[in-house]
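Engineer: Before I ask anything, let me first share the structure, which is written out below as structure tokens.
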Amino acid sequence: MHDEILETLISEEAIQNKIKELGSELSEEYKDRFPLVIGVLKGALPFMADLIKRMDIHLEIDLMAVSSYGTSTVSSGQVKIVKDLDTTLEGRDIIIVEDIIDSGLTLSYLVQLFKARKAKSVKIVTLLDKPTGRKIDIKPDKAGFIVPDAFVVGYGLDYIEKYRNLPYIGVLKPEIYETKE
Ligand code: 5GP
Ligand code: MG
Ligand code: MG
């Protein structure tokens with residue numbers, strides 16, 4: 001598996017250090033607010049699991065699955081709810097946890113949806129931000145790392161459902177795409 005990676009962009013250690021930082025900031029900001037931390041499946045799963053362990057406050061978690069990408073590396077531009085939340089959002093302070101914000105379509109859809117469900121506040125925490133991909137004007141409240149305009153995998157991010165279990169973020173060798181598309 002690792003021999004299919006061209007280059008490591010963000011090491012496991014760098015990711016974990018950043019998560020410690022984000023976790024202590026969020027602990028401070030959400031102290032006594034009992035936030036609802038919503039992870040966007042499947043990509044945000046490793047980040048969410050590590051981040052909540054660094055939030056030293058009472059919180060609640062829920063998960064949502066949306067799809068916009070299909071199996072390709074290019075966004076279809078459409079967001080579809082695959083699995084909805086179990087929790088009522090009215091009056092809650094929401095922290096959306098995402099793996100990456102690229103076009104911004106997924107997150108702008110979710111922010112609108114959660115506000116329509118009467119959340120008290122909605123903030124976005126993303127591990128990665130790819131500002132060059134933006135199709136809609138939306139900024140995360142917190143972003144771990146800025147990534148260049150390349151398709152990245154690892155630490156939750158997949159290519160045709162593979163590589164989510166890499167502990168680091170990397171770029172695939174070009175021949176991996178060539179042989180599979
Ligand atoms: P957006 O709606 O902002 O375009 O991106 C939504 C989703 O597309 C992300 O949560 C992620 O699942 C996928 N995505 C965007 N950029 C990348 C990338 O560089 N690599 C991978 N593996 N997925 C990406
Ligand atoms: Mg995602
Ligand atoms: Mg994907």
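Starting from 1 in every chain, residues are counted up; chains themselves are A, B, ... following the order of the structure tokens, and ligands are numbered from 1 as listed.
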Hey, which bits of region 116-173 of chain A sit within 10 Å of region 15-31 of chain A, and for each residue what's the closest pair of atoms and how far apart in Å (one decimal), counting only C-alpha atoms, rows by chain and increasing number, as a tab-separated table?
Structural biologist:
```
residue	atom	partner	partner_atom	distance
A:Val125	CA	A:Leu22	CA	8.7
A:Leu127	CA	A:Ile15	CA	8.4
A:Lys142	CA	A:Leu22	CA	7.9
A:Ala143	CA	A:Leu22	CA	8.7
A:Gly144	CA	A:Lys18	CA	6.3
A:Phe145	CA	A:Lys18	CA	8.5
A:Tyr155	CA	A:Ile15	CA	9.1
A:Pro167	CA	A:Ile15	CA	8.7
A:Tyr168	CA	A:Ile15	CA	7.4
A:Ile169	CA	A:Ile15	CA	8.7
```
Engineer: What lies within 8 Å of Leu85 (chain A) using only C-alpha atoms, ignoring chain neighbours under 4 positions off, as a VMD selection string?
Structural biologist: chain A and resid 62 to 64
Engineer: Using only C-alpha atoms, find the one residue out of A:Lys53, A:Ala119, A:Val37, A:Gly43 that sits nearest to Val152 (chain A).
Structural biologist: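 Using only C-alpha atoms, the shortest distance to Val152 (chain A) belongs to A:Gly43.
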Engineer: Please identify all polymer residues within 12 Å of region 161-166 of chain A, counting only C-alpha atoms, omitting same-chain residues fewer than 2 positions from it, and present them as a VMD selection string.
Structural biologist: chain A and resid 1 to 5 8 10 to 12 15 41 to 47 69 to 73 99 152 to 159 168 to 172 176
Engineer: Filtering to N, CA and C atoms, could you give me those residues as a CSV table (one decimal), in the first residue's frame?
Structural biologist:
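Result went into out_17.csv, see below:
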```csv
chain,number,residue,atom,x,y,z
A,1,MET,N,0.8,-1.2,0.0
A,1,MET,CA,0.0,0.0,0.0
A,1,MET,C,0.9,1.3,0.0
A,2,HIS,N,1.9,1.3,0.9
A,2,HIS,CA,2.7,2.6,1.0
A,2,HIS,C,3.5,2.8,-0.3
A,3,ASP,N,3.8,1.7,-1.0
A,3,ASP,CA,4.6,1.9,-2.2
A,3,ASP,C,3.8,2.5,-3.4
A,4,GLU,N,2.5,2.7,-3.1
A,4,GLU,CA,1.6,3.4,-4.1
A,4,GLU,C,1.5,4.9,-3.9
A,5,ILE,N,2.2,5.3,-2.8
A,5,ILE,CA,2.2,6.8,-2.5
A,5,ILE,C,3.4,7.4,-3.1
A,8,THR,N,4.6,11.9,0.7
A,8,THR,CA,3.9,12.3,2.0
A,8,THR,C,3.8,13.8,2.0
A,10,ILE,N,1.7,15.4,4.6
A,10,ILE,CA,1.6,15.7,6.0
A,10,ILE,C,1.8,14.4,6.8
A,11,SER,N,2.8,14.5,7.7
A,11,SER,CA,3.2,13.3,8.4
A,11,SER,C,2.2,13.0,9.5
A,12,GLU,N,2.2,11.8,10.0
A,12,GLU,CA,1.4,11.4,11.1
A,12,GLU,C,1.6,12.3,12.3
A,15,ILE,N,0.1,15.7,11.9
A,15,ILE,CA,-1.4,15.6,12.0
A,15,ILE,C,-1.8,15.6,13.5
A,41,LEU,N,-19.3,11.4,7.4
A,41,LEU,CA,-18.7,10.1,7.0
A,41,LEU,C,-18.5,10.1,5.5
A,42,LYS,N,-17.6,9.2,5.0
A,42,LYS,CA,-16.7,8.4,5.8
A,42,LYS,C,-15.4,9.1,6.1
A,43,GLY,N,-15.1,10.1,5.3
A,43,GLY,CA,-13.7,10.7,5.3
A,43,GLY,C,-13.3,11.3,6.7
A,44,ALA,N,-14.3,11.9,7.4
A,44,ALA,CA,-13.9,12.6,8.7
A,44,ALA,C,-13.7,11.6,9.9
A,45,LEU,N,-13.9,10.3,9.6
A,45,LEU,CA,-13.9,9.4,10.8
A,45,LEU,C,-12.6,9.4,11.6
A,46,PRO,N,-11.4,9.2,11.0
A,46,PRO,CA,-10.2,9.2,11.8
A,46,PRO,C,-9.9,10.5,12.5
A,47,PHE,N,-10.2,11.6,11.8
A,47,PHE,CA,-10.0,13.0,12.3
A,47,PHE,C,-10.9,13.2,13.5
A,69,TYR,N,-19.3,12.9,-4.5
A,69,TYR,CA,-18.1,12.6,-5.4
A,69,TYR,C,-18.3,11.3,-6.2
A,70,GLY,N,-19.2,10.4,-5.8
A,70,GLY,CA,-19.2,9.1,-6.5
A,70,GLY,C,-17.9,8.4,-6.3
A,71,THR,N,-17.4,7.8,-7.3
A,71,THR,CA,-16.2,7.0,-7.2
A,71,THR,C,-15.0,7.7,-8.0
A,72,SER,N,-15.3,8.9,-8.6
A,72,SER,CA,-14.3,9.5,-9.4
A,72,SER,C,-13.6,10.5,-8.5
A,73,THR,N,-12.6,11.2,-9.1
A,73,THR,CA,-11.8,12.2,-8.4
A,73,THR,C,-12.4,13.6,-8.7
A,99,ASP,N,-13.1,16.1,6.7
A,99,ASP,CA,-11.8,15.8,6.3
A,99,ASP,C,-11.1,16.9,5.4
A,152,VAL,N,-5.5,14.3,-2.8
A,152,VAL,CA,-4.8,13.7,-1.7
A,152,VAL,C,-5.5,12.5,-1.1
A,153,VAL,N,-4.8,11.6,-0.5
A,153,VAL,CA,-5.4,10.4,0.1
A,153,VAL,C,-4.8,10.2,1.5
A,154,GLY,N,-5.5,9.4,2.3
A,154,GLY,CA,-5.0,9.0,3.6
A,154,GLY,C,-5.7,9.7,4.8
A,155,TYR,N,-5.6,9.1,5.9
A,155,TYR,CA,-6.2,9.6,7.1
A,155,TYR,C,-7.7,10.0,6.9
A,156,GLY,N,-8.4,9.0,6.3
A,156,GLY,CA,-9.8,9.2,6.0
A,156,GLY,C,-10.1,9.4,4.6
A,157,LEU,N,-9.2,10.0,3.9
A,157,LEU,CA,-9.5,10.4,2.5
A,157,LEU,C,-9.2,9.2,1.6
A,158,ASP,N,-10.1,8.9,0.6
A,158,ASP,CA,-10.0,7.7,-0.2
A,158,ASP,C,-9.7,8.0,-1.7
A,159,TYR,N,-9.3,6.9,-2.3
A,159,TYR,CA,-9.4,6.8,-3.8
A,159,TYR,C,-10.1,5.5,-4.1
A,168,TYR,N,-1.1,9.0,7.5
A,168,TYR,CA,-0.6,10.3,7.0
A,168,TYR,C,-1.4,10.6,5.8
A,169,ILE,N,-1.1,11.9,5.3
A,169,ILE,CA,-1.8,12.4,4.0
A,169,ILE,C,-0.7,12.3,2.9
A,170,GLY,N,-1.1,11.8,1.8
A,170,GLY,CA,-0.1,11.7,0.7
A,170,GLY,C,-0.8,11.9,-0.7
A,171,VAL,N,0.1,11.8,-1.7
A,171,VAL,CA,-0.4,11.9,-3.1
A,171,VAL,C,-0.1,10.6,-3.7
A,172,LEU,N,-1.0,10.1,-4.5
A,172,LEU,CA,-0.8,8.8,-5.2
A,172,LEU,C,0.1,8.9,-6.4
A,176,ILE,N,-1.4,4.8,-10.5
A,176,ILE,CA,-2.5,4.2,-9.8
A,176,ILE,C,-3.8,4.6,-10.4
```
Engineer: Could you list, as a list in words, every residue within 7 Å of region 102-118 of chain A, counting only C-alpha atoms and ignoring same-chain residues fewer than 4 positions away?
Structural biologist: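 My reading of the contact set: Gly77, Val79, Leu89, Glu90, Gly91, Val122, Asp129, Lys130, Pro131, Gly133, Arg134, Lys135, Ile136 and Ile138 of chain A.
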Engineer: Can you write just those residues out, C-alpha atoms, as a PDB file, in the first residue's frame?
Structural biologist:
```pdb
ATOM      1  CA  GLY A  77     -21.560  19.124  -7.703  1.00  0.00           C
ATOM      2  CA  VAL A  79     -24.961  16.649  -2.420  1.00  0.00           C
ATOM      3  CA  LEU A  89     -30.410  20.319  16.412  1.00  0.00           C
ATOM      4  CA  GLU A  90     -32.684  23.027  17.797  1.00  0.00           C
ATOM      5  CA  GLY A  91     -30.765  25.321  20.138  1.00  0.00           C
ATOM      6  CA  VAL A 122     -22.695  26.193  13.372  1.00  0.00           C
ATOM      7  CA  ASP A 129      -8.440  23.132   3.223  1.00  0.00           C
ATOM      8  CA  LYS A 130      -7.920  23.242  -0.556  1.00  0.00           C
ATOM      9  CA  PRO A 131      -8.778  26.894  -1.300  1.00  0.00           C
ATOM     10  CA  GLY A 133     -10.915  24.156  -5.459  1.00  0.00           C
ATOM     11  CA  ARG A 134     -13.608  26.515  -4.176  1.00  0.00           C
ATOM     12  CA  LYS A 135     -16.803  26.898  -6.250  1.00  0.00           C
ATOM     13  CA  ILE A 136     -18.767  28.594  -3.491  1.00  0.00           C
ATOM     14  CA  ILE A 138     -17.266  29.519   2.224  1.00  0.00           C
TER      15      ILE A 138
END
```
Engineer: If you measure from CA of Asp84 (chain A) to atom 5 (O, counted along the ligand's line) of ligand 1, what distance in Å do you get, rounded to one decimal?
Structural biologist: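 Interatomic distance, CA of Asp84 (chain A) to atom 5 (O, counted along the ligand's line) of ligand 1: 17.8 Å.
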Engineer: Give me the residues near Ile95 (chain A) as a PyMOL selection string, where near means some atom within 9 Å (using only C-alpha atoms) and where sequence neighbours in that chain fewer than 6 positions away do not count.
Structural biologist: chain A and resi 35-39+121-125
Engineer: Give the strand (DSSP E or B) residues of chain A, as assigned by DSSP on the backbone, as a PyMOL selection string.
Structural biologist: chain A and resi 5-10+36-41+60-67+80-83+93-101+121-129+142-146+152-154+157+159+162+169-172
Engineer: Calculated over only C-alpha atoms and all ligand atoms, which of the candidates A:Ile160, A:Val147, A:Leu6, A:Val40 has the smallest distance to ligand 3?
Structural biologist: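 Answer, going by the shortest atom-to-atom distance: A:Ile160.
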Engineer: Let's see if you can do this: from backbone DSSP, list all helix (DSSP H, G or I) residues in region 29-93 of chain A, as a PyMOL selection string.
Structural biologist: chain A and resi 29+45-53
Engineer: Those residues with C-alpha atoms, as a short mmCIF file (atom, residue, chain, number, x, y, z; two decimals), in the first residue's frame please?
Structural biologist:
```
data_model
loop_
_atom_site.label_atom_id
_atom_site.label_comp_id
_atom_site.auth_asym_id
_atom_site.auth_seq_id
_atom_site.Cartn_x
_atom_site.Cartn_y
_atom_site.Cartn_z
CA GLU A 29 -14.20 27.95 23.16
CA LEU A 45 -13.89 9.40 10.78
CA PRO A 46 -10.17 9.20 11.78
CA PHE A 47 -9.96 12.98 12.33
CA MET A 48 -13.16 13.04 14.38
CA ALA A 49 -12.04 10.10 16.53
CA ASP A 50 -8.70 11.73 17.33
CA LEU A 51 -10.09 15.26 17.75
CA ILE A 52 -12.80 14.44 20.30
CA LYS A 53 -10.20 12.69 22.47
#
```
Engineer: Looking at only C-alpha atoms and all ligand atoms, which of A:Ile101, A:Met55, A:Ile61, A:Ala14 is the one that sits closest to ligand 3?
Structural biologist: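 Nearest to ligand 3: A:Ile101.
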Engineer: Skip Phe34 (chain A) itself and residues of its chain fewer than 6 positions away, then list as a list in words all residues within 10 Å of it, counting only C-alpha atoms.
Structural biologist: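 Listing them by chain and then by number gives Ile57, His58, Leu59, Glu60, Arg92, Asp93 and Ile94 of chain A.
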Engineer: Mind writing the picked residues with C-alpha atoms as a compact mmCIF listing (two decimals), in the first residue's frame?
Structural biologist:
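Final output, saved to result16.txt:
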```
# COMPACT_ATOMS: atom_id res chain seq x y z
CA ILE A 57 -15.10 19.03 27.89
CA HIS A 58 -18.55 17.46 27.83
CA LEU A 59 -19.76 16.99 24.27
CA GLU A 60 -22.09 14.85 22.21
CA ARG A 92 -27.52 23.33 19.86
CA ASP A 93 -23.98 24.56 19.27
CA ILE A 94 -22.80 22.49 16.30
```
